[in-house]
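Novice: Quick one, model.tsv (TSV, N, CA and C atoms):
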chain	number	residue	atom	x	y	z
A	1	MET	N	0.83	-1.18	0.00
A	1	MET	CA	0.00	0.00	0.00
A	1	MET	C	0.88	1.24	0.00
A	2	SER	N	0.45	2.25	-0.69
A	2	SER	CA	1.20	3.50	-0.77
A	2	SER	C	0.64	4.50	0.25
A	3	PHE	N	1.54	5.07	1.02
A	3	PHE	CA	1.16	6.06	2.03
A	3	PHE	C	1.78	7.39	1.65
A	4	ASN	N	0.96	8.43	1.55
A	4	ASN	CA	1.47	9.75	1.20
A	4	ASN	C	2.02	10.50	2.40
A	5	HIS	N	1.45	10.26	3.58
A	5	HIS	CA	1.81	11.02	4.76
A	5	HIS	C	2.65	10.19	5.72
A	6	ALA	N	3.50	10.89	6.47
A	6	ALA	CA	4.25	10.25	7.56
A	6	ALA	C	4.36	11.23	8.70
A	7	VAL	N	4.32	10.69	9.90
A	7	VAL	CA	4.60	11.48	11.09
A	7	VAL	C	5.74	10.78	11.81
A	8	VAL	N	6.67	11.58	12.30
A	8	VAL	CA	7.82	11.06	13.05
A	8	VAL	C	7.81	11.75	14.41
A	9	TRP	N	7.71	10.95	15.47
A	9	TRP	CA	7.90	11.45	16.83
A	9	TRP	C	9.26	10.94	17.27
A	10	LEU	N	10.14	11.84	17.71
A	10	LEU	CA	11.44	11.35	18.14
A	10	LEU	C	11.99	12.10	19.32
A	11	ASP	N	12.81	11.36	20.08
A	11	ASP	CA	13.63	11.93	21.13
A	11	ASP	C	15.02	11.35	20.97
A	12	GLN	N	15.86	11.43	21.98
A	12	GLN	CA	17.24	10.97	21.84
A	12	GLN	C	17.38	9.46	21.82
A	13	THR	N	16.35	8.72	22.20
A	13	THR	CA	16.48	7.27	22.28
A	13	THR	C	15.76	6.50	21.19
A	14	GLU	N	14.64	7.05	20.69
A	14	GLU	CA	13.89	6.32	19.67
A	14	GLU	C	13.01	7.25	18.86
A	15	ALA	N	12.64	6.74	17.69
A	15	ALA	CA	11.74	7.46	16.80
A	15	ALA	C	10.58	6.54	16.46
A	16	HIS	N	9.38	7.06	16.56
A	16	HIS	CA	8.18	6.34	16.13
A	16	HIS	C	7.78	6.94	14.79
A	17	VAL	N	7.77	6.10	13.77
A	17	VAL	CA	7.45	6.54	12.41
A	17	VAL	C	6.14	5.87	12.01
A	18	ILE	N	5.17	6.69	11.62
A	18	ILE	CA	3.89	6.15	11.18
A	18	ILE	C	3.60	6.68	9.79
A	19	HIS	N	3.45	5.76	8.84
A	19	HIS	CA	3.02	6.08	7.48
A	19	HIS	C	1.52	5.85	7.45
A	20	PHE	N	0.78	6.79	6.85
A	20	PHE	CA	-0.67	6.63	6.94
A	20	PHE	C	-1.42	7.32	5.81
A	21	THR	N	-2.66	6.87	5.67
A	21	THR	CA	-3.67	7.52	4.84
A	21	THR	C	-4.85	7.78	5.78
A	22	ARG	N	-5.95	8.20	5.22
A	22	ARG	CA	-7.13	8.43	6.05
A	22	ARG	C	-7.62	7.13	6.68
A	23	ASP	N	-7.44	5.99	5.97
A	23	ASP	CA	-8.03	4.73	6.41
A	23	ASP	C	-7.06	3.67	6.89
A	24	ALA	N	-5.77	3.85	6.66
A	24	ALA	CA	-4.81	2.81	7.00
A	24	ALA	C	-3.53	3.42	7.56
A	25	ALA	N	-2.77	2.58	8.27
A	25	ALA	CA	-1.50	3.06	8.83
A	25	ALA	C	-0.55	1.90	9.08
A	26	GLU	N	0.73	2.19	8.98
A	26	GLU	CA	1.79	1.24	9.33
A	26	GLU	C	2.80	2.00	10.18
A	27	SER	N	3.27	1.35	11.23
A	27	SER	CA	4.23	2.04	12.09
A	27	SER	C	5.47	1.20	12.31
A	28	GLU	N	6.55	1.90	12.67
A	28	GLU	CA	7.80	1.24	13.02
A	28	GLU	C	8.51	2.10	14.05
A	29	VAL	N	9.40	1.46	14.80
A	29	VAL	CA	10.18	2.17	15.80
A	29	VAL	C	11.65	2.01	15.43
A	30	VAL	N	12.37	3.13	15.41
A	30	VAL	CA	13.81	3.13	15.17
A	30	VAL	C	14.47	3.54	16.47
A	31	LYS	N	15.33	2.68	17.00
A	31	LYS	CA	16.01	2.99	18.26
A	31	LYS	C	17.47	3.34	17.99
A	32	THR	N	17.97	4.28	18.78
A	32	THR	CA	19.37	4.64	18.65
A	32	THR	C	20.24	3.56	19.29
A	33	THR	N	21.42	3.38	18.76
A	33	THR	CA	22.37	2.46	19.36
A	33	THR	C	23.40	3.22	20.19
A	34	SER	N	23.26	4.54	20.20
A	34	SER	CA	24.19	5.39	20.93
A	34	SER	C	23.96	5.26	22.43
A	35	GLN	N	25.03	5.40	23.18
A	35	GLN	CA	24.94	5.34	24.63
A	35	GLN	C	25.14	6.72	25.25
A	36	HIS	N	24.88	7.79	24.51
A	36	HIS	CA	25.20	9.12	24.99
A	36	HIS	C	24.20	9.72	25.98
A	37	GLN	N	23.19	9.03	26.34
A	37	GLN	CA	22.15	9.54	27.23
A	37	GLN	C	22.71	10.34	28.41
A	38	LYS	N	22.85	11.59	28.28
A	38	LYS	CA	23.31	12.52	29.31
A	38	LYS	C	24.71	12.22	29.82
A	39	ALA	N	25.13	10.97	29.85
A	39	ALA	CA	26.46	10.64	30.36
A	39	ALA	C	27.54	11.04	29.38
A	40	GLY	N	27.23	11.02	28.10
A	40	GLY	CA	28.24	11.28	27.09
A	40	GLY	C	28.18	12.68	26.53
A	41	VAL	N	27.80	13.65	27.31
A	41	VAL	CA	27.73	15.00	26.80
A	41	VAL	C	29.12	15.56	26.56
A	42	VAL	N	29.23	16.38	25.54
A	42	VAL	CA	30.51	16.98	25.21
A	42	VAL	C	30.58	18.38	25.79
A	43	GLY	N	31.69	19.06	25.63
A	43	GLY	CA	32.02	20.33	26.25
A	43	GLY	C	30.90	21.30	26.56
A	44	ASN	N	29.97	21.53	25.69
A	44	ASN	CA	28.93	22.54	25.92
A	44	ASN	C	27.63	21.95	26.47
A	45	ASN	N	27.73	20.81	27.16
A	45	ASN	CA	26.57	20.13	27.75
A	45	ASN	C	25.57	19.65	26.71
A	46	ARG	N	26.00	19.47	25.50
A	46	ARG	CA	25.12	19.01	24.44
A	46	ARG	C	25.57	17.61	24.01
A	47	ALA	N	24.65	16.69	23.94
A	47	ALA	CA	24.99	15.33	23.52
A	47	ALA	C	25.42	15.34	22.06
A	48	GLU	N	26.37	14.52	21.75
A	48	GLU	CA	26.84	14.40	20.38
A	48	GLU	C	25.75	13.72	19.55
A	49	GLU	N	25.51	14.22	18.35
A	49	GLU	CA	24.47	13.67	17.50
A	49	GLU	C	24.81	12.26	17.04
A	50	ASP	N	23.82	11.41	17.03
A	50	ASP	CA	23.97	10.05	16.52
A	50	ASP	C	23.49	10.07	15.07
A	51	THR	N	24.43	10.30	14.15
A	51	THR	CA	24.03	10.44	12.74
A	51	THR	C	23.52	9.14	12.15
A	52	THR	N	23.98	8.00	12.64
A	52	THR	CA	23.47	6.72	12.14
A	52	THR	C	21.98	6.61	12.46
A	53	TYR	N	21.60	6.97	13.67
A	53	TYR	CA	20.20	6.96	14.11
A	53	TYR	C	19.38	7.89	13.21
A	54	MET	N	19.88	9.09	13.01
A	54	MET	CA	19.14	10.06	12.20
A	54	MET	C	19.04	9.61	10.75
A	55	ASP	N	20.09	8.98	10.23
A	55	ASP	CA	20.05	8.44	8.86
A	55	ASP	C	19.01	7.33	8.74
A	56	GLU	N	18.91	6.48	9.77
A	56	GLU	CA	17.92	5.40	9.75
A	56	GLU	C	16.50	5.95	9.76
A	57	VAL	N	16.27	7.00	10.56
A	57	VAL	CA	14.95	7.62	10.59
A	57	VAL	C	14.66	8.27	9.23
A	58	ALA	N	15.64	8.94	8.67
A	58	ALA	CA	15.47	9.57	7.35
A	58	ALA	C	15.13	8.54	6.29
A	59	THR	N	15.80	7.41	6.32
A	59	THR	CA	15.52	6.33	5.37
A	59	THR	C	14.08	5.84	5.50
A	60	ALA	N	13.59	5.80	6.73
A	60	ALA	CA	12.24	5.31	6.97
A	60	ALA	C	11.17	6.22	6.37
A	61	ILE	N	11.48	7.49	6.14
A	61	ILE	CA	10.46	8.43	5.64
A	61	ILE	C	10.72	8.92	4.21
A	62	THR	N	11.74	8.41	3.57
A	62	THR	CA	12.14	8.88	2.25
A	62	THR	C	11.01	8.81	1.22
A	63	ALA	N	10.20	7.77	1.24
A	63	ALA	CA	9.16	7.60	0.22
A	63	ALA	C	7.92	8.45	0.47
A	64	SER	N	7.82	9.07	1.63
A	64	SER	CA	6.63	9.87	1.96
A	64	SER	C	6.59	11.15	1.15
A	65	LYS	N	5.38	11.60	0.85
A	65	LYS	CA	5.21	12.86	0.10
A	65	LYS	C	5.09	14.07	1.02
A	66	GLU	N	4.51	13.87	2.21
A	66	GLU	CA	4.38	14.94	3.20
A	66	GLU	C	4.73	14.37	4.57
A	67	ILE	N	5.56	15.12	5.30
A	67	ILE	CA	6.10	14.62	6.57
A	67	ILE	C	5.86	15.65	7.66
A	68	LEU	N	5.42	15.16	8.81
A	68	LEU	CA	5.28	15.97	10.01
A	68	LEU	C	6.27	15.42	11.03
A	69	ILE	N	7.12	16.29	11.58
A	69	ILE	CA	8.10	15.88	12.58
A	69	ILE	C	7.68	16.48	13.91
A	70	VAL	N	7.59	15.62	14.94
A	70	VAL	CA	7.18	16.08	16.26
A	70	VAL	C	8.06	15.44	17.33
A	71	GLY	N	8.03	16.03	18.51
A	71	GLY	CA	8.77	15.49	19.63
A	71	GLY	C	8.75	16.44	20.80
A	72	PRO	N	9.20	15.98	21.97
A	72	PRO	CA	9.12	16.79	23.18
A	72	PRO	C	10.26	17.79	23.37
A	73	GLY	N	11.42	17.52	22.83
A	73	GLY	CA	12.58	18.36	23.11
A	73	GLY	C	13.25	18.88	21.86
A	74	MET	N	14.55	19.03	21.92
A	74	MET	CA	15.33	19.62	20.84
A	74	MET	C	15.71	18.62	19.74
A	75	GLU	N	15.52	17.33	19.99
A	75	GLU	CA	15.93	16.32	19.02
A	75	GLU	C	15.24	16.50	17.67
A	76	LYS	N	13.98	16.94	17.69
A	76	LYS	CA	13.25	17.14	16.43
A	76	LYS	C	13.92	18.22	15.58
A	77	LEU	N	14.45	19.25	16.24
A	77	LEU	CA	15.14	20.32	15.51
A	77	LEU	C	16.50	19.85	15.00
A	78	SER	N	17.20	19.05	15.79
A	78	SER	CA	18.47	18.47	15.35
A	78	SER	C	18.24	17.56	14.15
A	79	PHE	N	17.14	16.79	14.20
A	79	PHE	CA	16.80	15.91	13.09
A	79	PHE	C	16.50	16.71	11.83
A	80	MET	N	15.77	17.80	11.97
A	80	MET	CA	15.45	18.65	10.81
A	80	MET	C	16.73	19.23	10.21
A	81	ARG	N	17.65	19.69	11.06
A	81	ARG	CA	18.94	20.20	10.56
A	81	ARG	C	19.71	19.10	9.82
A	82	HIS	N	19.68	17.89	10.38
A	82	HIS	CA	20.35	16.75	9.74
A	82	HIS	C	19.72	16.45	8.38
A	83	LEU	N	18.40	16.45	8.32
A	83	LEU	CA	17.72	16.22	7.04
A	83	LEU	C	18.13	17.27	6.02
A	84	THR	N	18.13	18.53	6.42
A	84	THR	CA	18.46	19.62	5.51
A	84	THR	C	19.88	19.47	4.98
A	85	LYS	N	20.79	19.07	5.85
A	85	LYS	CA	22.20	18.97	5.48
A	85	LYS	C	22.51	17.70	4.66
A	86	HIS	N	21.90	16.58	5.02
A	86	HIS	CA	22.28	15.29	4.43
A	86	HIS	C	21.21	14.62	3.56
A	87	HIS	N	19.97	15.04	3.69
A	87	HIS	CA	18.86	14.40	2.97
A	87	HIS	C	17.92	15.49	2.45
A	88	GLY	N	18.45	16.36	1.62
A	88	GLY	CA	17.71	17.54	1.14
A	88	GLY	C	16.38	17.23	0.51
A	89	ASP	N	16.30	16.17	-0.30
A	89	ASP	CA	15.04	15.82	-0.96
A	89	ASP	C	13.96	15.48	0.07
A	90	THR	N	14.35	14.79	1.12
A	90	THR	CA	13.40	14.44	2.17
A	90	THR	C	13.03	15.67	2.99
A	91	ALA	N	14.01	16.52	3.29
A	91	ALA	CA	13.76	17.74	4.07
A	91	ALA	C	12.72	18.63	3.40
A	92	GLU	N	12.73	18.66	2.07
A	92	GLU	CA	11.77	19.50	1.33
A	92	GLU	C	10.33	19.03	1.51
A	93	LYS	N	10.13	17.78	1.92
A	93	LYS	CA	8.78	17.24	2.11
A	93	LYS	C	8.24	17.47	3.51
A	94	VAL	N	9.06	18.03	4.40
A	94	VAL	CA	8.62	18.29	5.77
A	94	VAL	C	7.68	19.50	5.77
A	95	ILE	N	6.46	19.27	6.22
A	95	ILE	CA	5.44	20.31	6.26
A	95	ILE	C	5.61	21.18	7.49
A	96	SER	N	5.94	20.55	8.63
A	96	SER	CA	6.08	21.29	9.87
A	96	SER	C	6.87	20.49	10.90
A	97	VAL	N	7.41	21.22	11.88
A	97	VAL	CA	8.06	20.62	13.04
A	97	VAL	C	7.33	21.16	14.26
A	98	GLU	N	6.74	20.27	15.05
A	98	GLU	CA	5.87	20.67	16.16
A	98	GLU	C	6.32	20.04	17.47
A	99	THR	N	6.00	20.71	18.57
A	99	THR	CA	6.28	20.17	19.89
A	99	THR	C	5.09	19.32	20.34
A	100	VAL	N	5.37	18.05	20.62
A	100	VAL	CA	4.36	17.11	21.10
A	100	VAL	C	5.03	16.28	22.19
A	101	ASP	N	4.38	16.14	23.33
A	101	ASP	CA	4.99	15.49	24.48
A	101	ASP	C	5.30	14.01	24.24
A	102	HIS	N	4.63	13.11	24.87
A	102	HIS	CA	4.91	11.67	24.75
A	102	HIS	C	3.62	10.89	24.47
A	103	PRO	N	3.06	11.01	23.26
A	103	PRO	CA	1.83	10.28	22.96
A	103	PRO	C	2.11	8.81	22.68
A	104	ASN	N	1.08	7.98	22.85
A	104	ASN	CA	1.23	6.61	22.35
A	104	ASN	C	0.99	6.66	20.84
A	105	ASP	N	1.21	5.57	20.14
A	105	ASP	CA	1.11	5.58	18.68
A	105	ASP	C	-0.30	5.94	18.20
A	106	ALA	N	-1.34	5.50	18.90
A	106	ALA	CA	-2.71	5.82	18.50
A	106	ALA	C	-2.96	7.33	18.62
A	107	GLN	N	-2.49	7.93	19.70
A	107	GLN	CA	-2.64	9.38	19.88
A	107	GLN	C	-1.83	10.14	18.83
A	108	LEU	N	-0.64	9.65	18.53
A	108	LEU	CA	0.22	10.29	17.53
A	108	LEU	C	-0.45	10.25	16.15
A	109	LEU	N	-1.00	9.11	15.79
A	109	LEU	CA	-1.69	8.97	14.51
A	109	LEU	C	-2.90	9.90	14.44
A	110	ALA	N	-3.68	9.97	15.51
A	110	ALA	CA	-4.84	10.86	15.54
A	110	ALA	C	-4.41	12.32	15.38
A	111	TYR	N	-3.34	12.70	16.07
A	111	TYR	CA	-2.82	14.07	15.98
A	111	TYR	C	-2.40	14.37	14.54
A	112	ALA	N	-1.66	13.45	13.92
A	112	ALA	CA	-1.16	13.66	12.56
A	112	ALA	C	-2.30	13.72	11.55
A	113	ARG	N	-3.27	12.84	11.68
A	113	ARG	CA	-4.41	12.87	10.76
A	113	ARG	C	-5.15	14.20	10.86
A	114	LYS	N	-5.36	14.66	12.09
A	114	LYS	CA	-6.04	15.93	12.30
A	114	LYS	C	-5.20	17.07	11.71
A	115	TYR	N	-3.89	17.01	11.90
A	115	TYR	CA	-3.00	18.04	11.37
A	115	TYR	C	-3.09	18.11	9.84
A	116	PHE	N	-3.00	16.96	9.19
A	116	PHE	CA	-3.02	16.95	7.73
A	116	PHE	C	-4.38	17.31	7.16
A	117	VAL	N	-5.48	17.04	7.86
A	117	VAL	CA	-6.80	17.49	7.41
A	117	VAL	C	-6.81	19.01	7.38
A	118	LYS	N	-6.28	19.64	8.43
A	118	LYS	CA	-6.21	21.12	8.47
A	118	LYS	C	-5.32	21.63	7.34
A	119	GLU	N	-4.18	21.00	7.13
A	119	GLU	CA	-3.25	21.40	6.08
A	119	GLU	C	-3.89	21.28	4.70
A	120	ASP	N	-4.60	20.16	4.47
A	120	ASP	CA	-5.23	19.92	3.18
A	120	ASP	C	-6.31	20.97	2.89
A	121	ILE	N	-7.02	21.39	3.92
A	121	ILE	CA	-8.04	22.43	3.76
A	121	ILE	C	-7.39	23.75	3.40
A	122	MET	N	-6.22	24.01	3.97
A	122	MET	CA	-5.54	25.29	3.75
A	122	MET	C	-4.92	25.39	2.36
A	123	HIS	N	-4.63	24.27	1.72
A	123	HIS	CA	-3.97	24.30	0.40
A	123	HIS	C	-4.96	24.22	-0.72
As structure tokens, what does this structure read like?

Specialist:
Amino acid sequence: MSFNHAVVWLDQTEAHVIHFTRDAAESEVVKTTSQHQKAGVVGNNRAEEDTTYMDEVATAITASKEILIVGPGMEKLSFMRHLTKHHGDTAEKVISVETVDHPNDAQLLAYARKYFVKEDIMH
């Protein structure tokens, strides 16, 4: 099945990726293999980016036509910068980057569907 939309919720440890249409959805979880969780912070108190993790998340959304990126902290912005720098074609498909706390996958899907309905009306 072909899915036009994707939503990515991510933090420093994992990304929940849901590809969906109005009537169907498929989800996957990408986990980081990095051990930097606060213990491995570098000089400016900022954790070093796990580019392998970000590349895996980028690969998971490459085929999507419209992408919504959400998350609770700064990781979503780091991911967007990574997409822009290393995956320009995918970055161009990002509709928005939003702050969303810690939803379960059903709540995340409902949020994304509602978001894209509003977006579709506006275009």

Novice: For a test of reading the model, state the distance in Å between atom N of A:Lys93 and atom CA of A:Thr33, rounded to one decimal.

Specialist: 26.2 Å

Novice: Using DSSP secondary structure from the backbone, list all helix (DSSP H, G or I) positions within chain A, as number ranges by chain.

Specialist: A: 51-61, 75-86, 88-91, 105-122

Novice: Pick out the closest residue to A:Glu92 from this set: A:Glu119, A:Glu66, A:Glu75, A:Asp105. Count all atoms listed in the file.

Specialist: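 Smallest separation from A:Glu92 among the options: A:Glu66.
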
Novice: Rounded to one decimal, what separation in Å do you get between atom C of A:Tyr53 and atom N of A:Phe116?

Specialist: 24.5 Å

Novice: List as a PyMOL selection string the protein and nucleic acid residues near A:Asp101, meaning an atom at most 8 Å away when only N, CA and C atoms are counted, but skip any in the same chain fewer than 2 places from it.

Specialist: chain A and resi 70-73+98-99+103-104

Novice: I need the residue nearest A:Leu109 from this list: A:Val7, A:Ile95, A:Met54, A:Ala60. Use all atoms listed in the file for the distance.

Specialist: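 Selected residue with least distance to A:Leu109: A:Val7.
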
Novice: Can you pull out every residue from stretch 6-101 of chain A that DSSP, working from the backbone, puts in strand (DSSP E or B), and format the result as number ranges by chain?

Specialist: A: 6-10, 14-20, 25-31, 41-42, 46-47, 66-71, 94-99

Novice: Those same residues, written as an mmCIF file, keeping the file's coordinate frame with N, CA and C atoms?

Specialist:
data_model
loop_
_atom_site.group_PDB
_atom_site.id
_atom_site.type_symbol
_atom_site.label_atom_id
_atom_site.label_comp_id
_atom_site.auth_asym_id
_atom_site.auth_seq_id
_atom_site.Cartn_x
_atom_site.Cartn_y
_atom_site.Cartn_z
ATOM 1 N N ALA A 6 3.500 10.890 6.470
ATOM 2 C CA ALA A 6 4.250 10.250 7.560
ATOM 3 C C ALA A 6 4.360 11.230 8.700
ATOM 4 N N VAL A 7 4.320 10.690 9.900
ATOM 5 C CA VAL A 7 4.600 11.480 11.090
ATOM 6 C C VAL A 7 5.740 10.780 11.810
ATOM 7 N N VAL A 8 6.670 11.580 12.300
ATOM 8 C CA VAL A 8 7.820 11.060 13.050
ATOM 9 C C VAL A 8 7.810 11.750 14.410
ATOM 10 N N TRP A 9 7.710 10.950 15.470
ATOM 11 C CA TRP A 9 7.900 11.450 16.830
ATOM 12 C C TRP A 9 9.260 10.940 17.270
ATOM 13 N N LEU A 10 10.140 11.840 17.710
ATOM 14 C CA LEU A 10 11.440 11.350 18.140
ATOM 15 C C LEU A 10 11.990 12.100 19.320
ATOM 16 N N GLU A 14 14.640 7.050 20.690
ATOM 17 C CA GLU A 14 13.890 6.320 19.670
ATOM 18 C C GLU A 14 13.010 7.250 18.860
ATOM 19 N N ALA A 15 12.640 6.740 17.690
ATOM 20 C CA ALA A 15 11.740 7.460 16.800
ATOM 21 C C ALA A 15 10.580 6.540 16.460
ATOM 22 N N HIS A 16 9.380 7.060 16.560
ATOM 23 C CA HIS A 16 8.180 6.340 16.130
ATOM 24 C C HIS A 16 7.780 6.940 14.790
ATOM 25 N N VAL A 17 7.770 6.100 13.770
ATOM 26 C CA VAL A 17 7.450 6.540 12.410
ATOM 27 C C VAL A 17 6.140 5.870 12.010
ATOM 28 N N ILE A 18 5.170 6.690 11.620
ATOM 29 C CA ILE A 18 3.890 6.150 11.180
ATOM 30 C C ILE A 18 3.600 6.680 9.790
ATOM 31 N N HIS A 19 3.450 5.760 8.840
ATOM 32 C CA HIS A 19 3.020 6.080 7.480
ATOM 33 C C HIS A 19 1.520 5.850 7.450
ATOM 34 N N PHE A 20 0.780 6.790 6.850
ATOM 35 C CA PHE A 20 -0.670 6.630 6.940
ATOM 36 C C PHE A 20 -1.420 7.320 5.810
ATOM 37 N N ALA A 25 -2.770 2.580 8.270
ATOM 38 C CA ALA A 25 -1.500 3.060 8.830
ATOM 39 C C ALA A 25 -0.550 1.900 9.080
ATOM 40 N N GLU A 26 0.730 2.190 8.980
ATOM 41 C CA GLU A 26 1.790 1.240 9.330
ATOM 42 C C GLU A 26 2.800 2.000 10.180
ATOM 43 N N SER A 27 3.270 1.350 11.230
ATOM 44 C CA SER A 27 4.230 2.040 12.090
ATOM 45 C C SER A 27 5.470 1.200 12.310
ATOM 46 N N GLU A 28 6.550 1.900 12.670
ATOM 47 C CA GLU A 28 7.800 1.240 13.020
ATOM 48 C C GLU A 28 8.510 2.100 14.050
ATOM 49 N N VAL A 29 9.400 1.460 14.800
ATOM 50 C CA VAL A 29 10.180 2.170 15.800
ATOM 51 C C VAL A 29 11.650 2.010 15.430
ATOM 52 N N VAL A 30 12.370 3.130 15.410
ATOM 53 C CA VAL A 30 13.810 3.130 15.170
ATOM 54 C C VAL A 30 14.470 3.540 16.470
ATOM 55 N N LYS A 31 15.330 2.680 17.000
ATOM 56 C CA LYS A 31 16.010 2.990 18.260
ATOM 57 C C LYS A 31 17.470 3.340 17.990
ATOM 58 N N VAL A 41 27.800 13.650 27.310
ATOM 59 C CA VAL A 41 27.730 15.000 26.800
ATOM 60 C C VAL A 41 29.120 15.560 26.560
ATOM 61 N N VAL A 42 29.230 16.380 25.540
ATOM 62 C CA VAL A 42 30.510 16.980 25.210
ATOM 63 C C VAL A 42 30.580 18.380 25.790
ATOM 64 N N ARG A 46 26.000 19.470 25.500
ATOM 65 C CA ARG A 46 25.120 19.010 24.440
ATOM 66 C C ARG A 46 25.570 17.610 24.010
ATOM 67 N N ALA A 47 24.650 16.690 23.940
ATOM 68 C CA ALA A 47 24.990 15.330 23.520
ATOM 69 C C ALA A 47 25.420 15.340 22.060
ATOM 70 N N GLU A 66 4.510 13.870 2.210
ATOM 71 C CA GLU A 66 4.380 14.940 3.200
ATOM 72 C C GLU A 66 4.730 14.370 4.570
ATOM 73 N N ILE A 67 5.560 15.120 5.300
ATOM 74 C CA ILE A 67 6.100 14.620 6.570
ATOM 75 C C ILE A 67 5.860 15.650 7.660
ATOM 76 N N LEU A 68 5.420 15.160 8.810
ATOM 77 C CA LEU A 68 5.280 15.970 10.010
ATOM 78 C C LEU A 68 6.270 15.420 11.030
ATOM 79 N N ILE A 69 7.120 16.290 11.580
ATOM 80 C CA ILE A 69 8.100 15.880 12.580
ATOM 81 C C ILE A 69 7.680 16.480 13.910
ATOM 82 N N VAL A 70 7.590 15.620 14.940
ATOM 83 C CA VAL A 70 7.180 16.080 16.260
ATOM 84 C C VAL A 70 8.060 15.440 17.330
ATOM 85 N N GLY A 71 8.030 16.030 18.510
ATOM 86 C CA GLY A 71 8.770 15.490 19.630
ATOM 87 C C GLY A 71 8.750 16.440 20.800
ATOM 88 N N VAL A 94 9.060 18.030 4.400
ATOM 89 C CA VAL A 94 8.620 18.290 5.770
ATOM 90 C C VAL A 94 7.680 19.500 5.770
ATOM 91 N N ILE A 95 6.460 19.270 6.220
ATOM 92 C CA ILE A 95 5.440 20.310 6.260
ATOM 93 C C ILE A 95 5.610 21.180 7.490
ATOM 94 N N SER A 96 5.940 20.550 8.630
ATOM 95 C CA SER A 96 6.080 21.290 9.870
ATOM 96 C C SER A 96 6.870 20.490 10.900
ATOM 97 N N VAL A 97 7.410 21.220 11.880
ATOM 98 C CA VAL A 97 8.060 20.620 13.040
ATOM 99 C C VAL A 97 7.330 21.160 14.260
ATOM 100 N N GLU A 98 6.740 20.270 15.050
ATOM 101 C CA GLU A 98 5.870 20.670 16.160
ATOM 102 C C GLU A 98 6.320 20.040 17.470
ATOM 103 N N THR A 99 6.000 20.710 18.570
ATOM 104 C CA THR A 99 6.280 20.170 19.890
ATOM 105 C C THR A 99 5.090 19.320 20.340
#

Novice: Leaving out stretch 78-80 of chain A and any residue of its chain fewer than 6 positions from it, which residues lie within 9 Å of it when counting only C-alpha atoms, given as a list in words?

Specialist: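 Neighbouring residues, sequence-local ones excluded: Leu10, Glu49, Met54, Val57, Ala58, Ile69, Ala91, Val94 and Val97 of chain A.
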
Novice: To one decimal in Å, tell me the separation between atom CA of A:Ala25 and atom CA of A:Gln12.

Specialist: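 Calculated distance between atom CA of A:Ala25 and atom CA of A:Gln12 is 24.1 Å.
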
Novice: Nearest to A:Ile18: which of A:Arg81, A:His5, A:His86, A:His102 is it, counting all atoms listed in the file?

Specialist: A:His5
